[in-house]
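First comes the structure, then the notes that go with it.
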Amino acid sequence: MIFNPLDLNNTAAYLHWREQKISAYEGNGYNQVVHIKKGVPDLHELKEISAACQAFNCCIYKLQSPYKGTKRFVKDLGLLLGLERLDGNLCSDEDNITSIQVMSEGRHAGYIPYTDRKLTWHTDGYYNPASKTIGAMILHCVRPAQTGGENLMLDHEMAYIQLRDKNPQFIKAFLQPDALTIPPNIENGKEIRGAQSGPVFSIDALSSALHMRFSARTRNIKWKEDALTLEAVEYMKSLLSSNNPYVFTYRMCAGEGIIANNVLHNRTAFTDSKVRDQQRLLYRARYYDRVKKPVS
Ligand SMILES: [Fe+2]
């Protein structure tokens, strides 16, 4: 039975899909952590990663020593998983893969990802136009912080289920095309990105998979001022806690990474080394594609 998350009338299809999703979280043969033994994933490892992303929208990989991973590794890993269309943004390096580290000067310094402060819950690219919707991302850890810098993640499909189970009208509110508006980005008096309005939930045209656009921040974000939307936002925020059994916490070590179909995630604050070449460094690649489905 094909499930369309935008169709609130087909309860039978929803219940079938819901059961499958929950069943994966109860075990049933899926690994969310995949070991890559030889520096490049083999076919079996790729299949495991795809299967985990299919079940949980998120997978942790661990490169076996002595491999640590490079930008080239991140790019090749993406290609092997069907992730081809890299998103460039104002802060990416010239190869469109972003080095995330503390930056005290330049354009980066104005953005929280490049500080040691906590990053609130969001999905990537929630401020992008629909034509640049982020389907997936890879975060690769070159060096962790001295302490902190964990990632918490919540499969947005589980968030959908929790919202719909609480009140199906919350989904209806989040499907409105003006549910969430991000004001323009103005740098030195010049508008570098216009205001973006859009729904929270939408469907990826290529894969028919559910996409979520969300940020828990309270500044520079405008929710539609109707009672149901505001109630849905409050309930959504209440789900973003380590008390939620579907929230997954992981602190990446060097040579480890996260591959995700743009799940909800955050980052805790961290303490960095005083020595520049020992400070926290992640490579981040964002894609307009989603991780391809496992080949059976
Ligand atoms: Fe992010």
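By convention in this document, the chains of the structure tokens carry letters A, B, ... by their order, each chain's residues are numbered from 1, and ligands are numbered from 1 in the order they are shown.
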Quiz prompt | Filtered DSSP result for segment 85-263 of chain A, state strand (DSSP E), as a VMD selection string | solution = chain A and resid 98 to 100 119 to 122 136 to 143 147 to 148 151 to 154 180 to 182 185 to 187 190 to 193 196 to 198 201 to 203 210 to 212 222 to 223 247 to 250 256 to 260
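Using only C-alpha atoms and all ligand atoms as the basis for the distance check, residues found within 8 Å of ligand 1 are His122, Thr123, Asp124, Gly125, His265 and Asn266 of chain A.
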Selection to disk with C-alpha atoms, as a JSON list (two decimals), in the first residue's frame:
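Result written to selection_2.json:
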[["chain", "number", "residue", "atom", "x", "y", "z"],
["A", 122, "HIS", "CA", 16.74, 22.24, 12.75],
["A", 123, "THR", "CA", 16.74, 20.51, 9.42],
["A", 124, "ASP", "CA", 19.42, 21.68, 7.00],
["A", 125, "GLY", "CA", 18.56, 24.38, 4.48],
["A", 265, "HIS", "CA", 19.36, 17.52, 14.48],
["A", 266, "ASN", "CA", 21.21, 19.84, 16.82]]
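Using only C-alpha atoms, the residues found no farther than 12 Å from Arg276 of chain A, other than those of its own chain fewer than 2 positions away, are Gln101, Val102, Met103, Arg143, Ala145, Asp272, Ser273, Lys274, Gln278, Gln279, Arg280 and Leu281 of chain A.
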Requested in this report: Compile the contact shell of Gly82 of chain A as a list of chain:residue names: residues with an atom at most 8 Å away, counting only C-alpha atoms, same-chain residues fewer than 3 positions apart removed.
Outcome: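 Listing them by chain and then by number gives A:Gly78, A:Leu79, A:Asp289, A:Arg290, A:Val291, A:Lys292.
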Take the residues just selected and output them with C-alpha atoms as a PDB file, in the first residue's frame.
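Below you can see part-v7.pdb, which holds the result:
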ATOM      1  CA  GLY A  78      28.219  10.472  -1.403  1.00  0.00           C
ATOM      2  CA  LEU A  79      28.504   9.431  -5.043  1.00  0.00           C
ATOM      3  CA  ASP A 289      19.425  14.193  -3.497  1.00  0.00           C
ATOM      4  CA  ARG A 290      18.435  11.585  -0.931  1.00  0.00           C
ATOM      5  CA  VAL A 291      20.397   8.434  -0.141  1.00  0.00           C
ATOM      6  CA  LYS A 292      19.444   5.865  -2.761  1.00  0.00           C
TER       7      LYS A 292
END
Per DSSP on the backbone, what are the alpha helix (DSSP H) residues of segment 130-189 of chain A, as a list in words?
His156, Glu157, Met158, Ala159, Tyr160, Ile161, Gln162, Leu163, Arg164, Asp165, Lys166, Pro168, Gln169, Phe170, Ile171, Lys172, Ala173 and Phe174 of chain A
Keeping N, CA and C atoms, export the residues of the selection given above as a compact mmCIF listing (two decimals), in the first residue's frame.
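Generated file (part_39.txt):
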# COMPACT_ATOMS: atom_id res chain seq x y z
N HIS A 156 12.81 12.59 11.05
CA HIS A 156 11.65 13.47 10.87
C HIS A 156 10.38 12.67 10.58
N GLU A 157 10.55 11.42 10.09
CA GLU A 157 9.35 10.59 9.88
C GLU A 157 8.77 10.13 11.22
N MET A 158 9.64 9.94 12.23
CA MET A 158 9.11 9.61 13.56
C MET A 158 8.44 10.84 14.17
N ALA A 159 9.02 12.02 13.91
CA ALA A 159 8.38 13.25 14.39
C ALA A 159 7.00 13.40 13.76
N TYR A 160 6.91 13.07 12.47
CA TYR A 160 5.62 13.13 11.77
C TYR A 160 4.61 12.22 12.48
N ILE A 161 5.07 10.99 12.77
CA ILE A 161 4.18 10.02 13.42
C ILE A 161 3.74 10.54 14.79
N GLN A 162 4.69 11.08 15.55
CA GLN A 162 4.34 11.56 16.89
C GLN A 162 3.36 12.75 16.82
N LEU A 163 3.57 13.61 15.85
CA LEU A 163 2.65 14.75 15.68
C LEU A 163 1.26 14.26 15.27
N ARG A 164 1.25 13.35 14.29
CA ARG A 164 -0.05 12.89 13.75
C ARG A 164 -0.81 12.09 14.80
N ASP A 165 -0.09 11.30 15.59
CA ASP A 165 -0.75 10.53 16.64
C ASP A 165 -1.34 11.46 17.71
N LYS A 166 -0.66 12.55 17.97
CA LYS A 166 -1.16 13.50 18.97
C LYS A 166 -2.39 14.22 18.45
N PRO A 168 -3.96 14.83 14.29
CA PRO A 168 -3.76 14.88 12.84
C PRO A 168 -3.86 16.30 12.27
N GLN A 169 -4.55 17.17 12.99
CA GLN A 169 -4.67 18.56 12.52
C GLN A 169 -3.32 19.29 12.56
N PHE A 170 -2.40 18.81 13.40
CA PHE A 170 -1.05 19.41 13.43
C PHE A 170 -0.38 19.23 12.06
N ILE A 171 -0.61 18.06 11.45
CA ILE A 171 -0.02 17.81 10.13
C ILE A 171 -0.63 18.78 9.12
N LYS A 172 -1.93 18.94 9.21
CA LYS A 172 -2.64 19.85 8.30
C LYS A 172 -2.05 21.27 8.42
N ALA A 173 -1.82 21.68 9.66
CA ALA A 173 -1.25 23.03 9.88
C ALA A 173 0.14 23.12 9.25
N PHE A 174 0.91 22.04 9.36
CA PHE A 174 2.29 22.06 8.85
C PHE A 174 2.37 21.87 7.33
Worksheet item: If we count only C-alpha atoms, what is near Lys224 of chain A at a cut-off of 12 Å, once residues fewer than 6 positions away on the same chain are taken out, given as a list in words?
Response: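 Close residues of Lys224 of chain A: Ala173, Phe174, Leu175, Gln176, Pro177, Asp178, Ala179, Leu180, Thr181, Ile182, Ser197, Gly198, Pro199, Val200, Leu230, Glu231, Ala232 and Val233 of chain A.
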Of A:Asn57, A:Ser242, A:Asn262, A:Asn10, the one sitting nearest Arg213 of chain A when using only C-alpha atoms is A:Asn262
Give me, as CSV, each residue of segment 217-263 of chain A that comes within 10 Å of segment 37-53 of chain A, together with its shortest interatomic pair and the distance in Å at one decimal, counting only C-alpha atoms, with rows ordered by chain and rising residue number.
residue,atom,partner,partner_atom,distance
A:Gly255,CA,A:Gly39,CA,9.8
A:Ile259,CA,A:Cys53,CA,7.7
A:Ala260,CA,A:Cys53,CA,6.5
A:Asn261,CA,A:Cys53,CA,6.9
So that I can see what lies close to Tyr14 of chain A, please list as a list in words the residues with an atom at most 8 Å from it, counting only C-alpha atoms and leaving out residues fewer than 6 positions away in the same chain.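 Non-adjacent residues within range: Phe3, Asn4 and Pro5 of chain A.
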Can you spit out the residues from that selection as a PDB file, in the first residue's frame, using C-alpha atoms?
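Heads up, here's the output in part-v7.pdb:
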ATOM      1  CA  PHE A   3       1.594   5.933   1.680  1.00  0.00           C
ATOM      2  CA  ASN A   4       1.368   9.611   0.823  1.00  0.00           C
ATOM      3  CA  PRO A   5       2.121  11.604   3.999  1.00  0.00           C
TER       4      PRO A   5
END
Tyr127 of chain A proximity check over A:Gly69, A:Gly194, A:Gly257, A:Gly106, using only C-alpha atoms: winner is A:Gly194
